[in-house]
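A.B. asks: Enclosed is the structure file my_file-v2.txt (compact mmCIF, C-alpha atoms).
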# COMPACT_ATOMS: atom_id res chain seq x y z
CA MET A 19 25.85 44.88 -17.75
CA PRO A 20 24.39 45.16 -14.20
CA ASN A 21 25.51 42.82 -11.46
CA THR A 22 22.94 40.14 -10.54
CA PRO A 23 24.10 38.60 -7.26
CA THR A 24 22.43 35.35 -6.31
CA SER A 25 20.42 35.41 -3.12
CA PRO A 26 21.65 32.91 -0.52
CA THR A 27 18.10 31.57 -0.37
CA ALA A 28 17.85 30.97 -4.12
CA GLY A 29 19.33 27.47 -3.99
CA HIS A 30 16.89 25.97 -1.54
CA LEU A 31 13.99 27.92 -3.08
CA LEU A 32 14.66 26.39 -6.47
CA THR A 33 14.94 22.92 -4.90
CA LEU A 34 11.56 23.38 -3.17
CA LEU A 35 9.99 24.63 -6.40
CA GLN A 36 11.24 21.58 -8.29
CA LEU A 37 10.27 19.04 -5.63
CA SER A 38 6.80 20.56 -5.28
CA ASP A 39 6.19 21.03 -9.00
CA SER A 40 3.08 19.28 -10.30
CA ALA A 41 5.21 18.03 -13.20
CA LEU A 42 7.30 15.90 -10.81
CA PRO A 43 6.63 12.29 -11.88
CA THR A 44 5.24 10.91 -8.60
CA GLY A 45 1.80 9.92 -9.92
CA ALA A 46 -0.05 12.37 -7.66
CA PHE A 47 -2.35 13.28 -10.56
CA SER A 48 -3.85 9.77 -10.31
CA HIS A 49 -4.96 10.13 -6.69
CA SER A 50 -7.86 12.11 -5.26
CA LEU A 51 -7.19 10.91 -1.66
CA GLY A 52 -10.88 10.40 -1.05
CA LEU A 53 -12.18 13.45 -2.91
CA GLU A 54 -13.81 11.33 -5.61
CA SER A 55 -16.14 9.73 -3.05
CA TYR A 56 -17.41 13.21 -2.17
CA LEU A 57 -17.86 13.96 -5.88
CA ASP A 58 -19.89 10.76 -6.23
CA THR A 59 -22.35 11.84 -3.52
CA ARG A 60 -22.37 15.45 -4.78
CA ALA A 61 -21.21 16.65 -1.37
CA VAL A 62 -18.49 18.39 -3.39
CA HIS A 63 -19.91 19.78 -6.63
CA ASP A 64 -18.60 23.30 -7.27
CA GLU A 65 -15.85 25.77 -6.40
CA ALA A 66 -17.29 26.72 -3.01
CA SER A 67 -17.89 23.17 -1.79
CA PHE A 68 -14.46 22.06 -3.01
CA THR A 69 -12.76 24.95 -1.22
CA LEU A 70 -14.49 23.97 2.02
CA TRP A 71 -13.54 20.30 1.55
CA LEU A 72 -9.93 21.21 0.80
CA GLU A 73 -9.65 23.40 3.90
CA ARG A 74 -10.91 20.55 6.07
CA PHE A 75 -8.68 17.99 4.37
CA LEU A 76 -5.68 20.22 4.99
CA THR A 77 -6.38 21.07 8.62
CA GLN A 78 -8.00 17.83 9.83
CA SER A 79 -6.05 15.18 7.91
CA LEU A 80 -2.99 16.30 5.97
CA ALA A 81 -1.61 18.31 8.89
CA TYR A 82 -1.58 15.25 11.16
CA THR A 83 -0.18 12.82 8.60
CA ASP A 84 2.10 13.94 5.78
CA GLY A 85 2.54 17.50 7.07
CA LEU A 86 3.72 16.42 10.51
CA ALA A 87 5.82 13.62 8.99
CA VAL A 88 7.64 16.17 6.82
CA ARG A 89 8.46 18.32 9.86
CA LEU A 90 9.59 15.36 11.97
CA ALA A 91 11.73 13.95 9.15
CA HIS A 92 13.35 17.33 8.57
CA GLU A 93 14.22 17.48 12.27
CA ALA A 94 15.22 13.80 12.61
CA ALA A 95 18.66 13.08 13.98
CA GLY A 96 19.29 9.75 12.26
CA GLY A 97 18.10 6.64 10.45
CA ALA A 98 16.44 5.00 13.46
CA GLU A 99 14.31 8.08 14.05
CA LEU A 100 13.37 8.23 10.37
CA ALA A 101 12.42 4.55 10.43
CA ARG A 102 10.07 5.18 13.34
CA ILE A 103 8.42 8.12 11.56
CA ASP A 104 8.11 6.00 8.40
CA ALA A 105 6.46 3.16 10.32
CA LEU A 106 4.01 5.41 12.13
CA VAL A 107 2.89 7.44 9.12
CA THR A 108 2.46 4.25 7.06
CA ALA A 109 0.44 2.56 9.81
CA ALA A 110 -1.73 5.67 10.11
CA ALA A 111 -2.90 5.20 6.51
CA VAL A 112 -5.75 2.83 7.37
CA PRO A 113 -7.58 2.76 3.97
CA ARG A 114 -5.80 0.31 1.68
CA GLN A 115 -5.81 2.61 -1.36
CA ILE A 116 -4.28 5.46 0.64
CA ARG A 117 -1.58 3.21 2.10
CA GLU A 118 -0.71 1.83 -1.32
CA ALA A 119 -0.75 5.33 -2.84
CA GLY A 120 1.72 6.50 -0.20
CA VAL A 121 4.10 3.65 -0.93
CA LYS A 122 3.92 4.17 -4.70
CA MET A 123 4.33 7.93 -4.57
CA GLY A 124 7.01 7.52 -1.93
CA ALA A 125 9.02 5.26 -4.22
CA ARG A 126 8.75 7.76 -7.06
CA MET A 127 9.62 10.76 -4.87
CA LEU A 128 12.57 8.90 -3.39
CA HIS A 129 13.81 7.90 -6.84
CA VAL A 130 13.59 11.47 -8.13
CA ALA A 131 15.14 12.99 -5.01
CA THR A 132 18.08 10.59 -4.89
CA SER A 133 18.69 11.02 -8.63
CA VAL A 134 18.47 14.81 -8.72
CA PHE A 135 19.35 15.96 -5.18
CA PRO A 136 21.58 13.16 -3.84
CA THR A 137 22.65 13.33 -0.21
CA PRO A 138 24.00 10.68 2.19
CA GLU A 139 20.73 10.88 4.19
CA LEU A 140 18.59 10.22 1.12
CA GLU A 141 20.81 7.33 0.10
CA ALA A 142 20.59 5.85 3.60
CA TYR A 143 16.79 6.14 3.52
CA ARG A 144 16.71 4.56 0.06
CA LEU A 145 18.67 1.60 1.42
CA GLN A 146 16.27 1.31 4.36
CA VAL A 147 13.36 1.13 1.92
CA GLN A 148 15.21 -1.31 -0.35
CA SER A 149 15.90 -3.62 2.60
CA GLY A 150 12.30 -3.52 3.77
CA ALA A 151 13.14 -1.71 7.00
CA CYS A 152 11.02 1.23 5.79
CA SER A 153 8.00 1.43 3.48
CA GLY A 154 9.01 4.69 1.83
CA HIS A 155 6.96 7.85 2.17
CA PRO A 156 6.90 10.87 -0.17
CA GLY A 157 6.95 13.36 2.70
CA ILE A 158 10.08 11.88 4.21
CA ALA A 159 11.92 11.83 0.87
CA PHE A 160 10.76 15.40 0.22
CA ALA A 161 11.98 16.55 3.64
CA LEU A 162 15.41 14.94 3.23
CA GLY A 163 15.88 16.41 -0.24
CA ALA A 164 14.86 19.86 0.94
CA ARG A 165 17.03 19.69 4.06
CA GLY A 166 20.00 18.67 1.96
CA ALA A 167 19.52 21.85 -0.09
CA GLY A 168 19.47 23.96 3.06
CA ALA A 169 15.73 24.67 3.07
CA PRO A 170 14.36 25.73 6.46
CA CYS A 171 11.92 23.32 8.06
CA ALA A 172 8.91 25.69 7.95
CA ASP A 173 9.47 26.45 4.26
CA THR A 174 9.75 22.73 3.54
CA VAL A 175 6.47 21.93 5.30
CA ALA A 176 4.68 24.81 3.56
CA ALA A 177 5.96 23.73 0.15
CA TYR A 178 4.84 20.13 0.68
CA LEU A 179 1.38 21.14 1.90
CA PHE A 180 0.85 23.53 -0.99
CA SER A 181 2.07 20.91 -3.47
CA THR A 182 -0.61 18.50 -2.21
CA VAL A 183 -3.25 21.24 -2.28
CA THR A 184 -2.26 22.06 -5.87
CA SER A 185 -2.44 18.43 -6.97
CA LEU A 186 -5.91 18.00 -5.46
CA THR A 187 -7.07 21.24 -7.06
CA GLN A 188 -5.90 20.07 -10.47
CA ASN A 189 -7.84 16.85 -9.92
CA ALA A 190 -10.92 18.84 -8.90
CA ILE A 191 -10.65 20.88 -12.09
CA ARG A 192 -10.97 17.62 -14.04
CA GLY A 193 -13.29 15.77 -11.70
CA ILE A 194 -16.03 18.23 -10.73
CA PRO A 195 -15.28 19.92 -13.18
CA ILE A 196 -14.44 23.54 -12.36
CA GLY A 197 -12.61 25.95 -14.62
CA GLN A 198 -8.93 26.76 -14.57
CA ASN A 199 -9.61 30.27 -13.20
CA ALA A 200 -11.73 28.76 -10.43
CA GLY A 201 -8.84 26.47 -9.59
CA GLN A 202 -6.50 29.43 -9.28
CA ARG A 203 -8.98 31.22 -7.00
CA VAL A 204 -9.07 28.15 -4.77
CA LEU A 205 -5.27 28.04 -4.59
CA ARG A 206 -5.08 31.74 -3.73
CA ALA A 207 -7.66 31.22 -0.99
CA MET A 208 -5.53 28.41 0.43
CA HIS A 209 -2.44 30.57 1.02
CA ALA A 210 -3.53 31.69 4.47
CA GLN A 211 -4.82 28.21 5.35
CA VAL A 212 -1.48 26.62 4.46
CA LEU A 213 0.47 29.13 6.57
CA GLN A 214 -1.88 28.65 9.53
CA THR A 215 -1.54 24.90 9.17
CA VAL A 216 2.26 25.11 9.17
CA GLU A 217 2.07 27.06 12.42
CA MET A 218 -0.28 24.44 13.86
CA ILE A 219 2.05 21.59 12.82
CA PHE A 220 4.89 23.15 14.81
CA GLY A 221 2.73 22.82 17.90
CA LEU A 222 2.32 19.05 17.43
CA ASP A 223 4.59 16.18 18.44
CA LEU A 224 5.14 12.54 17.53
CA ASP A 225 2.09 11.42 19.54
CA ASP A 226 -0.13 13.46 17.20
CA LEU A 227 1.10 11.67 14.07
CA GLY A 228 -1.80 9.89 12.39
CA ALA A 229 -4.66 11.52 14.32
CA ALA A 230 -7.70 10.27 12.42
CA ALA A 231 -10.41 12.08 10.50
CA PRO A 232 -12.99 9.23 10.50
CA GLY A 233 -15.36 10.74 7.93
CA LEU A 234 -12.55 11.12 5.42
CA GLU A 235 -11.21 7.62 6.11
CA ILE A 236 -14.67 6.14 5.49
CA ALA A 237 -14.91 8.07 2.21
CA GLN A 238 -11.45 6.81 1.24
CA MET A 239 -12.55 3.22 1.95
CA ARG A 240 -15.79 3.72 -0.01
CA HIS A 241 -13.76 4.76 -3.03
CA GLU A 242 -12.67 1.15 -3.60
CA HIS A 243 -16.29 0.22 -4.28
CA LEU A 244 -17.37 3.03 -6.61
CA ARG A 245 -18.76 1.67 -9.86
CA ALA A 246 -16.81 4.16 -11.99
CA ARG A 247 -13.60 5.91 -10.99
CA MET A 248 -11.33 8.54 -12.50
CA PHE A 249 -8.69 8.21 -9.80
CA MET A 250 -6.79 5.39 -8.09
CA SER A 251 -7.66 6.66 -4.61
Re-express the file's structure as structure tokens.
C.D. replies:
Amino acid sequence: MPNTPTSPTAGHLLTLLQLSDSALPTGAFSHSLGLESYLDTRAVHDEASFTLWLERFLTQSLAYTDGLAVRLAHEAAGGAELARIDALVTAAAVPRQIREAGVKMGARMLHVATSVFPTPELEAYRLQVQSGACSGHPGIAFALGARGAGAPCADTVAAYLFSTVTSLTQNAIRGIPIGQNAGQRVLRAMHAQVLQTVEMIFGLDLDDLGAAAPGLEIAQMRHEHLRARMFMS
């Protein structure tokens, strides 16, 4: 029987795959993060318009919020630094639905991460959230779980971004709707965008956290008042 040595990267790769899996019970499938408002106005109505929207969401919003928070949390030296990142990324979520979605998904991600990939850092962050010192954010819990498995920072950021892109694409498949093959074409088209966005995120600093995309924030606020909704945000 041939030898099958395990790659030294296999451990953190499997951790990233599990944490970024759409089957992870964080409730992401319930949130469109503003997309549904664009569906309501027909600004997004097919594969091409969704791809354009997703590119802009990734590069103009997600990069400056969750994406940067994941990088900063992965690099953070201690609990006080994490608490500051948590406070800033939570405050940056101006629309109520988005802020509440972050807290809810953060609680679920933190619960899963501490249960499946326990580390002293994750436990310390869980206690900060439990005490009310932190709100809890999915990107921070993701970063701590990945770092504990030895995942490099760039790989961690890329995995988180692509996980969000995948979740939104699955919601677009249901919401527009577009077909499953169309969804896969969108995801393939996003590979280069995700990698470029990771590179961009490494050129940002703490002062860039929460840089606003006003059009998206307005759409996210409008979502609360839609007469019929498929998604919670």
A.B. asks: Considering only C-alpha atoms, return as a ChimeraX atom specification whatever protein or nucleic-acid residues lie within 6 Å of segment 107-115 of chain A, sequence-local ones (same chain, fewer than 3 positions apart) excluded.
C.D. replies: /A:104,118-119,228,239,251
A.B. asks: Restricting the calculation to all atoms listed in the file, which member of A:Gln78, A:Gln238, A:Asn199, A:Thr182 is positioned closest to Ser40 of chain A?
C.D. replies: A:Thr182
A.B. asks: Rounded to one decimal in Å, what is the spacing between atom CA of Ser55 of chain A and atom CA of Leu186 of chain A?
C.D. replies: 13.4 Å
A.B. asks: List every protein, DNA or RNA residue that has at least one atom no more than 10 Å from (11.2, 23.8, 6.7) in the file's coordinates, counting only C-alpha atoms, and write the result as an NGL selection string.
C.D. replies: :A and (34 or 88-89 or 92-93 or 161 or 164-165 or 168-178 or 216)
A.B. asks: I want to know what sits within 10 Å of Ser153 of chain A, based on all atoms listed in the file, with residues of the same chain fewer than 5 positions away left out; could you give that as a PyMOL selection string?
C.D. replies: chain A and resi 101+104-105+107-109+117-118+120-122+124-125+143-144+146-148
A.B. asks: Find the residues around Tyr82 of chain A up to 7 Å (all atoms listed in the file counted), leave out those fewer than 2 positions away in its own chain, and share them as a PyMOL selection string.
C.D. replies: chain A and resi 79-80+84-86+226-229
A.B. asks: Quick check, in Å to one decimal: how far apart do atom CA of Val134 of chain A and atom CA of Ala91 of chain A lie?
C.D. replies: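 Atom CA of Ala91 of chain A lies 19.1 Å from atom CA of Val134 of chain A.
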A.B. asks: Any idea what the distance is between atom CA of Arg247 of chain A and atom CA of Gly154 of chain A?
C.D. replies: 26.0 Å
A.B. asks: Out of A:Ala151, A:Ala230, A:Ile191, A:Leu72, which residue has the shortest atom-to-atom distance to Leu53 of chain A when counting all atoms listed in the file?
C.D. replies: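 Comparing A:Ala151, A:Ala230, A:Ile191, A:Leu72 against Leu53 of chain A, the winner is A:Leu72.
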A.B. asks: Tell me which of A:Ile103, A:Leu51, A:Thr69, A:Ala142 sits closest to Arg206 of chain A, counting only C-alpha atoms.
C.D. replies: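 Checking each of A:Ile103, A:Leu51, A:Thr69, A:Ala142 against Arg206 of chain A, counting only C-alpha atoms, the winner is A:Thr69.
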A.B. asks: At a cut-off of 12 Å around the point (-17.9, 19.2, -11.3) (file coordinates), what residues fall inside when counting only C-alpha atoms? I'd like the answer as a PyMOL selection string.
C.D. replies: chain A and resi 53-54+56-68+187+189-197+200-201
A.B. asks: Write out the residues from the selection above, keeping C-alpha atoms, as a JSON list (two decimals), keeping the file's coordinate frame.
C.D. replies:
[["chain", "number", "residue", "atom", "x", "y", "z"],
["A", 53, "LEU", "CA", -12.18, 13.45, -2.91],
["A", 54, "GLU", "CA", -13.81, 11.33, -5.61],
["A", 56, "TYR", "CA", -17.41, 13.21, -2.17],
["A", 57, "LEU", "CA", -17.86, 13.96, -5.88],
["A", 58, "ASP", "CA", -19.89, 10.76, -6.23],
["A", 59, "THR", "CA", -22.35, 11.84, -3.52],
["A", 60, "ARG", "CA", -22.37, 15.45, -4.78],
["A", 61, "ALA", "CA", -21.21, 16.65, -1.37],
["A", 62, "VAL", "CA", -18.49, 18.39, -3.39],
["A", 63, "HIS", "CA", -19.91, 19.78, -6.63],
["A", 64, "ASP", "CA", -18.60, 23.30, -7.27],
["A", 65, "GLU", "CA", -15.85, 25.77, -6.40],
["A", 66, "ALA", "CA", -17.29, 26.72, -3.01],
["A", 67, "SER", "CA", -17.89, 23.17, -1.79],
["A", 68, "PHE", "CA", -14.46, 22.06, -3.01],
["A", 187, "THR", "CA", -7.07, 21.24, -7.06],
["A", 189, "ASN", "CA", -7.84, 16.85, -9.92],
["A", 190, "ALA", "CA", -10.92, 18.84, -8.90],
["A", 191, "ILE", "CA", -10.65, 20.88, -12.09],
["A", 192, "ARG", "CA", -10.97, 17.62, -14.04],
["A", 193, "GLY", "CA", -13.29, 15.77, -11.70],
["A", 194, "ILE", "CA", -16.03, 18.23, -10.73],
["A", 195, "PRO", "CA", -15.28, 19.92, -13.18],
["A", 196, "ILE", "CA", -14.44, 23.54, -12.36],
["A", 197, "GLY", "CA", -12.61, 25.95, -14.62],
["A", 200, "ALA", "CA", -11.73, 28.76, -10.43],
["A", 201, "GLY", "CA", -8.84, 26.47, -9.59]]
A.B. asks: A:Ile219, A:Leu213, A:Met127, A:Ala167: which is nearest Ala41 of chain A, counting only C-alpha atoms?
C.D. replies: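 Using only C-alpha atoms, Ala41 of chain A sits closest to A:Met127.
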A.B. asks: So that I can see what lies close to Ser48 of chain A, please list as a PyMOL selection string the residues with an atom at most 8 Å from it, counting only C-alpha atoms and leaving out residues fewer than 5 positions away in the same chain.
C.D. replies: chain A and resi 248-251
A.B. asks: I'd like to know which of A:Phe75, A:Phe220, A:Gly233, A:Thr132 is closest to Ser50 of chain A, using all atoms listed in the file.
C.D. replies: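 With all atoms listed in the file as the atom set, the closest residue is A:Phe75.
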A.B. asks: Measuring atom to atom with all atoms listed in the file, identify which of A:Val183, A:His155, A:Arg126, A:Arg245 is nearest to Thr83 of chain A.
C.D. replies: A:His155
